[in-house]
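This is input15.txt. It holds compact mmCIF, C-alpha atoms (C1' of nucleotides).
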# COMPACT_ATOMS: atom_id res chain seq x y z
CA MET A 17 4.91 -8.25 -15.09
CA GLY A 18 7.05 -10.10 -12.61
CA PRO A 19 5.70 -13.62 -12.37
CA ILE A 20 5.66 -13.48 -8.59
CA ARG A 21 3.71 -10.25 -8.66
CA ALA A 22 1.20 -11.83 -11.01
CA LEU A 23 0.76 -14.72 -8.62
CA LEU A 24 0.27 -12.55 -5.59
CA SER A 25 -2.06 -10.07 -7.20
CA ASP A 26 -4.80 -12.66 -6.88
CA ALA A 27 -4.26 -12.64 -3.13
CA GLU A 28 -4.06 -8.83 -3.12
CA LEU A 29 -0.54 -9.01 -1.76
CA THR A 30 2.55 -7.21 -2.93
CA GLU A 31 5.92 -8.93 -3.12
CA GLN A 32 7.16 -7.16 -0.02
CA GLN A 33 4.05 -7.95 1.95
CA TRP A 34 4.48 -11.56 0.91
CA ARG A 35 8.11 -11.53 2.00
CA VAL A 36 7.22 -10.10 5.38
CA LEU A 37 4.44 -12.60 5.84
CA ARG A 38 6.79 -15.45 5.03
CA VAL A 39 9.43 -14.18 7.43
CA VAL A 40 6.85 -13.92 10.20
CA GLN A 41 5.52 -17.35 9.43
CA GLU A 42 8.95 -18.96 9.40
CA SER A 43 10.22 -17.15 12.47
CA GLY A 44 7.28 -17.47 14.82
CA ASP A 45 7.17 -14.66 17.37
CA ILE A 46 9.47 -11.93 16.13
CA ASP A 47 9.90 -8.20 16.52
CA PRO A 48 9.89 -5.63 13.70
CA THR A 49 13.61 -4.94 13.84
CA GLN A 50 14.43 -8.57 13.20
CA ILE A 51 11.83 -8.79 10.47
CA SER A 52 13.39 -5.82 8.75
CA GLU A 53 16.78 -7.50 8.77
CA ARG A 54 15.53 -10.81 7.44
CA ALA A 55 13.27 -9.25 4.83
CA CYS A 56 15.82 -6.62 3.80
CA LEU A 57 13.46 -3.75 4.46
CA LEU A 58 14.04 -0.48 6.23
CA LEU A 59 11.90 0.13 9.27
CA PRO A 60 9.71 2.86 7.77
CA SER A 61 8.69 0.52 4.96
CA LEU A 62 8.15 -2.30 7.37
CA THR A 63 5.97 -0.17 9.64
CA ARG A 64 3.59 0.51 6.78
CA ILE A 65 3.55 -3.09 5.65
CA LEU A 66 2.85 -4.39 9.13
CA GLN A 67 -0.01 -1.95 9.46
CA LYS A 68 -1.57 -3.23 6.28
CA LEU A 69 -1.10 -6.87 7.21
CA ASP A 70 -2.54 -6.12 10.63
CA ASP A 71 -5.55 -4.32 9.15
CA ARG A 72 -6.23 -7.36 7.01
CA GLY A 73 -5.89 -9.68 9.96
CA LEU A 74 -2.96 -11.62 8.51
CA ILE A 75 -0.71 -10.90 11.49
CA GLU A 76 -1.25 -9.88 15.08
CA ARG A 77 0.82 -7.72 17.40
CA GLN A 78 1.43 -8.03 21.08
CA LYS A 79 3.22 -5.58 23.30
CA ASP A 80 6.39 -6.79 24.91
CA LEU A 81 5.80 -6.39 28.64
CA GLU A 82 9.47 -6.48 29.52
CA ASP A 83 10.48 -3.75 27.08
CA ARG A 84 7.56 -1.60 26.22
CA ARG A 85 9.26 -0.12 23.18
CA ARG A 86 9.07 -3.53 21.55
CA GLN A 87 6.29 -5.50 19.96
CA ILE A 88 5.95 -9.14 19.12
CA ILE A 89 4.57 -10.03 15.71
CA ARG A 90 2.92 -13.33 14.90
CA ILE A 91 1.05 -14.74 11.92
CA THR A 92 -2.67 -15.46 12.21
CA PRO A 93 -4.58 -18.45 10.82
CA ALA A 94 -5.78 -16.22 7.98
CA GLY A 95 -2.17 -15.39 7.24
CA GLU A 96 -1.18 -19.04 7.34
CA GLN A 97 -3.95 -19.75 4.88
CA ILE A 98 -2.54 -17.26 2.40
CA ILE A 99 0.88 -18.84 2.73
CA ASP A 100 -0.61 -22.25 2.10
CA ASP A 101 -2.46 -21.00 -0.93
CA ASN A 102 0.54 -19.40 -2.59
CA LEU A 103 3.76 -20.95 -1.40
CA GLY A 104 3.80 -23.78 -3.89
CA ALA A 105 3.34 -21.60 -6.91
CA SER A 106 5.84 -19.12 -5.56
CA LEU A 107 8.51 -21.76 -5.11
CA ALA A 108 7.73 -23.07 -8.57
CA VAL A 109 8.41 -19.68 -10.11
CA ILE A 110 11.73 -19.51 -8.34
CA ALA A 111 12.60 -23.00 -9.46
CA GLN A 112 11.67 -22.14 -13.01
CA THR A 113 13.86 -19.06 -13.05
CA ARG A 114 16.69 -21.05 -11.61
CA ALA A 115 16.29 -23.78 -14.17
CA LYS A 116 15.96 -21.36 -17.05
CA MET A 117 19.17 -19.66 -16.14
CA GLY A 118 20.96 -22.80 -15.10
CA ALA A 119 21.46 -23.79 -11.48
CA GLU A 120 25.16 -22.99 -11.46
CA LYS A 121 24.78 -19.53 -12.89
CA TYR A 122 21.89 -18.88 -10.58
CA GLU A 123 23.94 -19.81 -7.54
CA ALA A 124 26.88 -17.82 -8.85
CA LEU A 125 24.65 -14.79 -9.22
CA LEU A 126 23.38 -15.08 -5.66
CA ASP A 127 26.94 -15.45 -4.39
CA LEU A 128 28.12 -12.38 -6.24
CA LEU A 129 25.18 -10.35 -5.04
CA ASN A 130 25.91 -11.34 -1.46
CA GLU A 131 29.50 -10.39 -1.96
CA LEU A 132 28.54 -7.02 -3.35
CA ASN A 133 26.23 -6.55 -0.41
CA ARG A 134 29.00 -7.33 2.03
CA SER A 135 31.55 -5.06 0.38
CA GLU A 136 29.34 -2.04 -0.24
CA PRO A 137 27.18 -1.12 2.75
CA SER A 138 30.00 -0.23 5.11
CA LYS A 139 32.26 2.03 3.18
CA ALA A 140 34.65 2.01 6.15
CA ASP A 141 37.70 0.51 4.50
CA MET B 75 23.64 5.70 2.10
CA GLY B 76 24.58 4.72 -1.41
CA PRO B 77 27.80 6.50 -2.29
CA ILE B 78 26.38 7.75 -5.56
CA ARG B 79 23.35 9.15 -3.81
CA ALA B 80 25.61 10.97 -1.37
CA LEU B 81 27.52 12.50 -4.25
CA LEU B 82 24.44 13.65 -6.08
CA SER B 83 22.62 15.02 -3.07
CA ASP B 84 24.91 18.02 -3.23
CA ALA B 85 23.63 18.71 -6.72
CA GLU B 86 20.04 18.03 -5.59
CA LEU B 87 19.80 15.19 -8.06
CA THR B 88 18.52 11.68 -7.52
CA GLU B 89 20.25 8.69 -9.05
CA GLN B 90 17.54 8.29 -11.65
CA GLN B 91 17.58 11.94 -12.58
CA TRP B 92 21.33 11.65 -12.95
CA ARG B 93 20.99 8.58 -15.13
CA VAL B 94 18.47 10.30 -17.37
CA LEU B 95 20.62 13.37 -17.63
CA ARG B 96 23.62 11.27 -18.60
CA VAL B 97 21.65 9.40 -21.23
CA VAL B 98 20.43 12.66 -22.71
CA GLN B 99 23.91 14.10 -22.67
CA GLU B 100 25.47 11.07 -24.31
CA SER B 101 22.75 10.62 -26.88
CA GLY B 102 22.23 14.17 -28.07
CA ASP B 103 18.71 14.71 -29.39
CA ILE B 104 16.60 11.82 -28.23
CA ASP B 105 12.96 11.06 -27.56
CA PRO B 106 11.48 9.85 -24.26
CA THR B 107 10.86 6.31 -25.43
CA GLN B 108 14.51 5.80 -26.27
CA ILE B 109 15.60 7.41 -23.04
CA SER B 110 13.41 5.02 -21.10
CA GLU B 111 15.02 2.07 -22.83
CA ARG B 112 18.57 3.23 -22.24
CA ALA B 113 17.95 4.32 -18.65
CA CYS B 114 15.84 1.26 -17.82
CA LEU B 115 12.89 3.32 -16.70
CA LEU B 116 9.21 2.91 -17.44
CA LEU B 117 7.57 5.80 -19.19
CA PRO B 118 5.48 7.03 -16.26
CA SER B 119 8.63 7.40 -14.17
CA LEU B 120 10.47 9.06 -17.01
CA THR B 121 7.66 11.52 -17.60
CA ARG B 122 7.96 12.78 -14.04
CA ILE B 123 11.72 12.92 -14.15
CA LEU B 124 11.77 14.84 -17.41
CA GLN B 125 9.31 17.33 -15.97
CA LYS B 126 11.60 17.95 -13.01
CA LEU B 127 14.70 18.28 -15.15
CA ASP B 128 12.81 20.61 -17.45
CA ASP B 129 11.58 22.74 -14.55
CA ARG B 130 15.16 23.09 -13.37
CA GLY B 131 16.34 24.00 -16.84
CA LEU B 132 18.70 21.05 -17.17
CA ILE B 133 17.04 19.78 -20.33
CA GLU B 134 14.86 21.29 -23.02
CA ARG B 135 12.07 19.81 -25.09
CA GLN B 136 11.13 20.44 -28.65
CA LYS B 137 8.11 19.14 -30.49
CA ASP B 138 8.77 16.82 -33.36
CA LEU B 139 7.17 18.49 -36.35
CA GLU B 140 7.07 15.33 -38.40
CA ASP B 141 5.31 13.25 -35.75
CA ARG B 142 3.49 15.44 -33.33
CA ARG B 143 3.17 12.72 -30.74
CA ARG B 144 6.91 12.84 -30.29
CA GLN B 145 9.23 15.20 -28.53
CA ILE B 146 12.92 15.74 -28.81
CA ILE B 147 14.88 16.06 -25.60
CA ARG B 148 18.24 17.77 -25.38
CA ILE B 149 20.54 18.76 -22.54
CA THR B 150 21.07 22.45 -21.75
CA PRO B 151 24.32 24.17 -20.80
CA ALA B 152 23.19 24.09 -17.16
CA GLY B 153 22.71 20.37 -17.50
CA GLU B 154 26.13 19.95 -19.07
CA GLN B 155 27.59 21.85 -16.16
CA ILE B 156 26.10 19.42 -13.67
CA ILE B 157 27.51 16.51 -15.64
CA ASP B 158 30.92 18.15 -15.66
CA ASP B 159 30.76 18.75 -11.94
CA ASN B 160 29.85 15.21 -11.00
CA LEU B 161 30.96 12.76 -13.65
CA GLY B 162 34.46 12.29 -12.35
CA ALA B 163 33.42 11.48 -8.81
CA SER B 164 30.65 9.24 -10.09
CA LEU B 165 33.03 7.22 -12.25
CA ALA B 166 35.42 7.02 -9.32
CA VAL B 167 32.77 5.46 -7.12
CA ILE B 168 32.04 2.88 -9.77
CA ALA B 169 35.71 2.14 -10.19
CA GLN B 170 36.09 1.77 -6.46
CA THR B 171 33.23 -0.68 -6.20
CA ARG B 172 34.64 -2.62 -9.08
CA ALA B 173 38.09 -2.70 -7.54
CA LYS B 174 36.80 -3.62 -4.11
CA MET B 175 34.92 -6.57 -5.49
CA GLY B 176 37.53 -7.51 -8.02
CA ALA B 177 37.25 -6.69 -11.70
CA GLU B 178 36.54 -10.26 -12.73
CA LYS B 179 33.78 -10.81 -10.23
CA TYR B 180 32.33 -7.44 -11.07
CA GLU B 181 32.19 -8.29 -14.77
CA ALA B 182 30.80 -11.71 -13.99
CA LEU B 183 28.06 -10.13 -11.94
CA LEU B 184 27.10 -7.77 -14.74
CA ASP B 185 27.05 -10.65 -17.21
CA LEU B 186 24.83 -12.75 -14.99
CA LEU B 187 22.45 -9.87 -14.41
CA ASN B 188 22.18 -9.29 -18.12
CA GLU B 189 21.50 -12.95 -18.63
CA LEU B 190 18.80 -12.92 -15.97
CA ASN B 191 17.31 -9.89 -17.63
CA ARG B 192 17.24 -11.63 -20.99
CA SER B 193 15.69 -14.84 -19.69
CA GLU B 194 13.04 -13.35 -17.42
CA PRO B 195 11.13 -10.52 -19.07
CA SER B 196 9.50 -12.54 -21.82
CA LYS B 197 8.06 -15.56 -20.13
CA ALA B 198 7.07 -16.83 -23.56
CA ASP B 199 9.08 -20.05 -23.63
C1' DA C 58 18.56 10.21 41.50
C1' DG C 59 18.79 13.18 37.45
C1' DA C 60 20.50 14.31 33.02
C1' DT C 61 21.97 12.22 28.73
C1' DA C 62 22.23 8.94 25.30
C1' DA C 63 20.67 4.99 22.90
C1' DT C 64 16.92 1.99 21.21
C1' DA C 65 12.58 0.67 18.92
C1' DC C 66 9.74 2.11 16.51
C1' DT C 67 6.40 5.74 13.98
C1' DT C 68 5.40 9.69 11.10
C1' DA C 69 6.22 12.66 7.38
C1' DA C 70 7.79 14.12 2.93
C1' DC C 71 9.39 13.34 -1.45
C1' DA C 72 10.91 10.26 -5.38
C1' DT C 73 10.35 6.18 -7.96
C1' DG C 74 8.09 1.53 -9.46
C1' DT C 75 4.20 -0.14 -11.48
C1' DG C 76 -0.42 -1.11 -13.37
C1' DT C 77 -4.24 1.18 -15.48
C1' DA C 78 -6.58 4.64 -17.94
C1' DG C 79 -6.72 8.57 -20.93
C1' DC C 80 -5.59 11.44 -25.02
C1' DA C 81 -3.86 13.02 -29.33
C1' DA C 82 -1.66 11.78 -33.48
C1' DA C 83 -0.24 8.52 -36.86
C1' DA C 84 -0.72 4.12 -39.18
C1' DA C 85 -3.38 0.35 -40.75
C1' DT C 86 -7.61 -1.59 -42.26
C1' DT C 87 -11.78 -1.88 -44.67
C1' DA D 29 -12.45 8.45 -46.76
C1' DA D 30 -14.08 6.56 -42.40
C1' DT D 31 -13.13 3.40 -38.77
C1' DT D 32 -10.05 0.93 -36.03
C1' DT D 33 -5.65 0.05 -34.14
C1' DT D 34 -1.31 1.35 -32.68
C1' DT D 35 1.97 4.52 -30.90
C1' DG D 36 3.90 8.04 -27.77
C1' DC D 37 3.27 9.89 -24.25
C1' DT D 38 0.69 11.79 -19.75
C1' DA D 39 -2.16 11.40 -15.53
C1' DC D 40 -3.56 8.77 -11.61
C1' DA D 41 -3.42 5.74 -7.74
C1' DC D 42 -1.18 3.03 -4.64
C1' DA D 43 3.09 0.74 -2.65
C1' DT D 44 7.77 1.03 -1.46
C1' DG D 45 12.64 3.28 -0.90
C1' DT D 46 14.83 6.63 1.62
C1' DT D 47 16.09 10.40 4.67
C1' DA D 48 14.92 13.15 8.51
C1' DA D 49 12.34 14.11 12.51
C1' DG D 50 9.46 12.79 16.41
C1' DT D 51 8.04 9.84 20.53
C1' DA D 52 8.20 6.75 24.20
C1' DT D 53 10.98 3.75 26.77
C1' DT D 54 15.17 1.87 28.43
C1' DA D 55 20.09 2.07 29.40
C1' DT D 56 24.13 4.81 30.80
C1' DC D 57 26.68 8.13 32.88
C1' DT D 58 27.75 11.39 36.47

Could you render the structure from this file as structure tokens?
Amino acid sequence: MGPIRALLSDAELTEQQWRVLRVVQESGDIDPTQISERACLLLPSLTRILQKLDDRGLIERQKDLEDRRRQIIRITPAGEQIIDDNLGASLAVIAQTRAKMGAEKYEALLDLLNELNRSEPSKAD
Amino acid sequence: MGPIRALLSDAELTEQQWRVLRVVQESGDIDPTQISERACLLLPSLTRILQKLDDRGLIERQKDLEDRRRQIIRITPAGEQIIDDNLGASLAVIAQTRAKMGAEKYEALLDLLNELNRSEPSKAD
DNA sequence: AGATAATACTTAACATGTGTAGCAAAAATT
DNA sequence: AATTTTTGCTACACATGTTAAGTATTATCT
């Protein structure tokens, strides 16, 4: 099993839920569209994830009074607690993977993936 | 949408179904476990995919008489036809991606992904 | 102003990823 | 030979990926 998944299963969180929670925590007040961009999730997936995180009280939502289509998402103390409990181990797993592969190769891989991501999505030559 | 997905949607095939079909076509008689290895799919996913391909008559199954836990999977003429109809365009998309990124970078990316794959799965240092 | 289009989601439907459990058959053990 | 373990799948449950459709609200156009 993916080492990150193993970590998070104790907290009853999936990797994507964890990613969303981290984005919300790092960004402060943020709306779903921006979360979806930063977490690389499509909106339908994000909708479901936010519902689950909301049900568990890890985030809270507030309607945007100026544009009532929008919401503002924010992490709760319970959500912060889960971040605190798992961030260290999560970063350690990443560091271990990076070390195992070699820092240079790891960075090269990330660069190439970003390049692929830039060159593929818009097929408009 | 992924260019391969767009291609295959005409044939009502998903990318994974396509991958399985290609593995079966290239390998001749083959059992599900080997398909799952070559197509990088876990068995529960493969089970469902094989059922769908079987329902559509693109593959056929035969019981292994020597080991009755096993099956032998084989592509049908209808399956071959779908390969014939889509292989060229599929290879062209791959070639285009490769060209767009640059052959060297593309190869480097594949190498690094393989390396990551080798170093991660077994966390047994 | 009123019709139209665009935006920000949400819902739905289907396919796959993934962990767990189940089941039959074969292999290994005692 | 009888029991246990392993193997090769299959079934289930839940989460996400993905496309299409729906809804409410805002922006634009005429």

(message) Can you work out which residues from chain B touch chain C at a cut-off of 10 Å (counting all atoms listed in the file) and hand them back as a PyMOL selection string?
(response) chain B and resi 88+90-91+115-116+118-120+122-123+141-144

If you take all atoms listed in the file and a cut-off of 7 Å, which residues of chain B touch chain A, and what are their nearest atom pairs and distances in Å to one decimal, in chain and number order, as CSV?
residue,atom,partner,partner_atom,distance
B:Met175,CA,A:Leu132,CA,6.7
B:Leu183,CA,A:Leu128,CA,6.1
B:Leu186,CA,A:Leu125,CA,6.1
B:Leu190,CA,A:Met117,CA,6.8
B:Ser193,CA,A:Met117,CA,6.9

(request) Mind listing whatever residues come within 12 Å of the point (1.5, -14.6, -9.3)? Use all atoms listed in the file, file coordinates, and give them as a PyMOL selection string. (result) chain A and resi 17-31+34+101-110

(message) Using only C-alpha atoms (C1' of nucleotides) for the distances, tell me which of D:DT32, D:DT51, D:DT44, D:DT58 is nearest to chain A.
(response)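 Distance minimum relative to chain A lands on D:DT44.
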
(request) Could you check how far atom CA of A:Thr63 sits from atom CA of A:Asn133, in Å to one decimal? (result)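 We find that atom CA of A:Thr63 and atom CA of A:Asn133 lie 23.5 Å from each other.
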
(request) Could you check how far atom CA of A:Ser52 sits from atom CA of A:Leu81, in Å to one decimal? (result)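 The value is 21.3 Å.
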
Can I have chain A aligned to chain B? Use a least-squares fit on all Cα atoms paired in order and write it out as a PDB file with C-alpha atoms, in the frame of the given file.
ATOM      1  CA  MET A  17      23.662   5.717   2.102  1.00  0.00           C
ATOM      2  CA  GLY A  18      24.586   4.728  -1.408  1.00  0.00           C
ATOM      3  CA  PRO A  19      27.799   6.519  -2.269  1.00  0.00           C
ATOM      4  CA  ILE A  20      26.383   7.739  -5.558  1.00  0.00           C
ATOM      5  CA  ARG A  21      23.345   9.140  -3.811  1.00  0.00           C
ATOM      6  CA  ALA A  22      25.599  10.953  -1.371  1.00  0.00           C
ATOM      7  CA  LEU A  23      27.500  12.491  -4.248  1.00  0.00           C
ATOM      8  CA  LEU A  24      24.425  13.639  -6.079  1.00  0.00           C
ATOM      9  CA  SER A  25      22.611  15.003  -3.076  1.00  0.00           C
ATOM     10  CA  ASP A  26      24.905  18.008  -3.239  1.00  0.00           C
ATOM     11  CA  ALA A  27      23.620  18.689  -6.738  1.00  0.00           C
ATOM     12  CA  GLU A  28      20.035  18.021  -5.614  1.00  0.00           C
ATOM     13  CA  LEU A  29      19.785  15.168  -8.077  1.00  0.00           C
ATOM     14  CA  THR A  30      18.527  11.665  -7.530  1.00  0.00           C
ATOM     15  CA  GLU A  31      20.249   8.656  -9.055  1.00  0.00           C
ATOM     16  CA  GLN A  32      17.547   8.251 -11.666  1.00  0.00           C
ATOM     17  CA  GLN A  33      17.584  11.899 -12.596  1.00  0.00           C
ATOM     18  CA  TRP A  34      21.337  11.622 -12.960  1.00  0.00           C
ATOM     19  CA  ARG A  35      20.983   8.553 -15.156  1.00  0.00           C
ATOM     20  CA  VAL A  36      18.479  10.281 -17.394  1.00  0.00           C
ATOM     21  CA  LEU A  37      20.641  13.357 -17.639  1.00  0.00           C
ATOM     22  CA  ARG A  38      23.625  11.252 -18.624  1.00  0.00           C
ATOM     23  CA  VAL A  39      21.647   9.372 -21.250  1.00  0.00           C
ATOM     24  CA  VAL A  40      20.431  12.644 -22.739  1.00  0.00           C
ATOM     25  CA  GLN A  41      23.902  14.084 -22.684  1.00  0.00           C
ATOM     26  CA  GLU A  42      25.468  11.055 -24.337  1.00  0.00           C
ATOM     27  CA  SER A  43      22.739  10.607 -26.919  1.00  0.00           C
ATOM     28  CA  GLY A  44      22.206  14.157 -28.096  1.00  0.00           C
ATOM     29  CA  ASP A  45      18.696  14.714 -29.430  1.00  0.00           C
ATOM     30  CA  ILE A  46      16.577  11.813 -28.257  1.00  0.00           C
ATOM     31  CA  ASP A  47      12.942  11.060 -27.574  1.00  0.00           C
ATOM     32  CA  PRO A  48      11.482   9.848 -24.263  1.00  0.00           C
ATOM     33  CA  THR A  49      10.831   6.310 -25.441  1.00  0.00           C
ATOM     34  CA  GLN A  50      14.472   5.796 -26.299  1.00  0.00           C
ATOM     35  CA  ILE A  51      15.574   7.400 -23.063  1.00  0.00           C
ATOM     36  CA  SER A  52      13.384   5.011 -21.136  1.00  0.00           C
ATOM     37  CA  GLU A  53      14.998   2.045 -22.842  1.00  0.00           C
ATOM     38  CA  ARG A  54      18.548   3.216 -22.281  1.00  0.00           C
ATOM     39  CA  ALA A  55      17.939   4.314 -18.706  1.00  0.00           C
ATOM     40  CA  CYS A  56      15.846   1.257 -17.836  1.00  0.00           C
ATOM     41  CA  LEU A  57      12.894   3.321 -16.710  1.00  0.00           C
ATOM     42  CA  LEU A  58       9.225   2.924 -17.444  1.00  0.00           C
ATOM     43  CA  LEU A  59       7.593   5.823 -19.212  1.00  0.00           C
ATOM     44  CA  PRO A  60       5.509   7.059 -16.275  1.00  0.00           C
ATOM     45  CA  SER A  61       8.651   7.422 -14.176  1.00  0.00           C
ATOM     46  CA  LEU A  62      10.479   9.052 -17.015  1.00  0.00           C
ATOM     47  CA  THR A  63       7.679  11.551 -17.608  1.00  0.00           C
ATOM     48  CA  ARG A  64       7.981  12.793 -14.048  1.00  0.00           C
ATOM     49  CA  ILE A  65      11.751  12.928 -14.169  1.00  0.00           C
ATOM     50  CA  LEU A  66      11.783  14.856 -17.421  1.00  0.00           C
ATOM     51  CA  GLN A  67       9.342  17.339 -15.966  1.00  0.00           C
ATOM     52  CA  LYS A  68      11.607  17.957 -13.021  1.00  0.00           C
ATOM     53  CA  LEU A  69      14.720  18.272 -15.153  1.00  0.00           C
ATOM     54  CA  ASP A  70      12.836  20.616 -17.452  1.00  0.00           C
ATOM     55  CA  ASP A  71      11.610  22.747 -14.546  1.00  0.00           C
ATOM     56  CA  ARG A  72      15.187  23.092 -13.378  1.00  0.00           C
ATOM     57  CA  GLY A  73      16.372  24.003 -16.837  1.00  0.00           C
ATOM     58  CA  LEU A  74      18.724  21.035 -17.166  1.00  0.00           C
ATOM     59  CA  ILE A  75      17.062  19.775 -20.346  1.00  0.00           C
ATOM     60  CA  GLU A  76      14.877  21.294 -23.018  1.00  0.00           C
ATOM     61  CA  ARG A  77      12.083  19.812 -25.099  1.00  0.00           C
ATOM     62  CA  GLN A  78      11.132  20.446 -28.663  1.00  0.00           C
ATOM     63  CA  LYS A  79       8.095  19.159 -30.468  1.00  0.00           C
ATOM     64  CA  ASP A  80       8.725  16.844 -33.358  1.00  0.00           C
ATOM     65  CA  LEU A  81       7.075  18.533 -36.333  1.00  0.00           C
ATOM     66  CA  GLU A  82       6.905  15.375 -38.394  1.00  0.00           C
ATOM     67  CA  ASP A  83       5.178  13.305 -35.718  1.00  0.00           C
ATOM     68  CA  ARG A  84       3.413  15.504 -33.281  1.00  0.00           C
ATOM     69  CA  ARG A  85       3.074  12.753 -30.704  1.00  0.00           C
ATOM     70  CA  ARG A  86       6.832  12.846 -30.271  1.00  0.00           C
ATOM     71  CA  GLN A  87       9.191  15.203 -28.534  1.00  0.00           C
ATOM     72  CA  ILE A  88      12.896  15.717 -28.822  1.00  0.00           C
ATOM     73  CA  ILE A  89      14.874  16.043 -25.612  1.00  0.00           C
ATOM     74  CA  ARG A  90      18.233  17.755 -25.372  1.00  0.00           C
ATOM     75  CA  ILE A  91      20.548  18.744 -22.539  1.00  0.00           C
ATOM     76  CA  THR A  92      21.082  22.423 -21.751  1.00  0.00           C
ATOM     77  CA  PRO A  93      24.344  24.156 -20.811  1.00  0.00           C
ATOM     78  CA  ALA A  94      23.196  24.099 -17.183  1.00  0.00           C
ATOM     79  CA  GLY A  95      22.710  20.366 -17.500  1.00  0.00           C
ATOM     80  CA  GLU A  96      26.121  19.930 -19.077  1.00  0.00           C
ATOM     81  CA  GLN A  97      27.591  21.842 -16.177  1.00  0.00           C
ATOM     82  CA  ILE A  98      26.108  19.414 -13.678  1.00  0.00           C
ATOM     83  CA  ILE A  99      27.523  16.505 -15.637  1.00  0.00           C
ATOM     84  CA  ASP A 100      30.926  18.137 -15.645  1.00  0.00           C
ATOM     85  CA  ASP A 101      30.757  18.755 -11.936  1.00  0.00           C
ATOM     86  CA  ASN A 102      29.852  15.206 -10.987  1.00  0.00           C
ATOM     87  CA  LEU A 103      30.944  12.754 -13.630  1.00  0.00           C
ATOM     88  CA  GLY A 104      34.452  12.284 -12.331  1.00  0.00           C
ATOM     89  CA  ALA A 105      33.422  11.481  -8.813  1.00  0.00           C
ATOM     90  CA  SER A 106      30.661   9.247 -10.080  1.00  0.00           C
ATOM     91  CA  LEU A 107      33.023   7.215 -12.223  1.00  0.00           C
ATOM     92  CA  ALA A 108      35.421   7.015  -9.306  1.00  0.00           C
ATOM     93  CA  VAL A 109      32.763   5.457  -7.107  1.00  0.00           C
ATOM     94  CA  ILE A 110      32.042   2.878  -9.754  1.00  0.00           C
ATOM     95  CA  ALA A 111      35.715   2.147 -10.160  1.00  0.00           C
ATOM     96  CA  GLN A 112      36.101   1.785  -6.428  1.00  0.00           C
ATOM     97  CA  THR A 113      33.244  -0.676  -6.170  1.00  0.00           C
ATOM     98  CA  ARG A 114      34.661  -2.626  -9.040  1.00  0.00           C
ATOM     99  CA  ALA A 115      38.093  -2.718  -7.497  1.00  0.00           C
ATOM    100  CA  LYS A 116      36.791  -3.629  -4.072  1.00  0.00           C
ATOM    101  CA  MET A 117      34.921  -6.572  -5.438  1.00  0.00           C
ATOM    102  CA  GLY A 118      37.543  -7.526  -7.960  1.00  0.00           C
ATOM    103  CA  ALA A 119      37.251  -6.721 -11.648  1.00  0.00           C
ATOM    104  CA  GLU A 120      36.536 -10.293 -12.678  1.00  0.00           C
ATOM    105  CA  LYS A 121      33.763 -10.828 -10.191  1.00  0.00           C
ATOM    106  CA  TYR A 122      32.333  -7.461 -11.044  1.00  0.00           C
ATOM    107  CA  GLU A 123      32.200  -8.304 -14.729  1.00  0.00           C
ATOM    108  CA  ALA A 124      30.808 -11.735 -13.947  1.00  0.00           C
ATOM    109  CA  LEU A 125      28.057 -10.141 -11.902  1.00  0.00           C
ATOM    110  CA  LEU A 126      27.106  -7.780 -14.711  1.00  0.00           C
ATOM    111  CA  ASP A 127      27.066 -10.675 -17.169  1.00  0.00           C
ATOM    112  CA  LEU A 128      24.820 -12.760 -14.966  1.00  0.00           C
ATOM    113  CA  LEU A 129      22.468  -9.874 -14.384  1.00  0.00           C
ATOM    114  CA  ASN A 130      22.193  -9.297 -18.115  1.00  0.00           C
ATOM    115  CA  GLU A 131      21.512 -12.950 -18.600  1.00  0.00           C
ATOM    116  CA  LEU A 132      18.803 -12.916 -15.979  1.00  0.00           C
ATOM    117  CA  ASN A 133      17.335  -9.871 -17.644  1.00  0.00           C
ATOM    118  CA  ARG A 134      17.273 -11.601 -20.997  1.00  0.00           C
ATOM    119  CA  SER A 135      15.729 -14.809 -19.692  1.00  0.00           C
ATOM    120  CA  GLU A 136      13.073 -13.311 -17.435  1.00  0.00           C
ATOM    121  CA  PRO A 137      11.167 -10.448 -19.055  1.00  0.00           C
ATOM    122  CA  SER A 138       9.562 -12.462 -21.827  1.00  0.00           C
ATOM    123  CA  LYS A 139       8.119 -15.485 -20.178  1.00  0.00           C
ATOM    124  CA  ALA A 140       7.158 -16.785 -23.630  1.00  0.00           C
ATOM    125  CA  ASP A 141       9.166 -19.985 -23.685  1.00  0.00           C
TER     126      ASP A 141
END

(message) Quick check, in Å to one decimal: how far apart do atom CA of B:Val98 and atom C1' of D:DA39 lie?
(response)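 Value for the atom CA of B:Val98-atom C1' of D:DA39 distance: 23.7 Å.
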
Produce a table with one row for each residue of chain D that has an atom at most 8 Å from any atom of chain A, each row naming the nearest atom pair and its distance in Å at one decimal; use only C-alpha atoms (C1' of nucleotides); arrange rows by chain and rising residue number; format as a Markdown table.
| residue | atom | partner | partner_atom | distance |
| --- | --- | --- | --- | --- |
| D:DA43 | C1' | A:Thr30 | CA | 8.0 |
| D:DT44 | C1' | A:Ser61 | CA | 6.5 |
| D:DG45 | C1' | A:Ser61 | CA | 7.6 |
| D:DA52 | C1' | A:Arg85 | CA | 7.0 |
| D:DT53 | C1' | A:Arg85 | CA | 5.6 |
| D:DT54 | C1' | A:Asp83 | CA | 7.4 |

(request) List every protein, DNA or RNA residue with an atom no more than 6 Å from (11.2, -8.4, 1.3) in the file's coordinates, counting only C-alpha atoms (C1' of nucleotides), and format the result as a PyMOL selection string. (result) chain A and resi 32+35-36+55-56
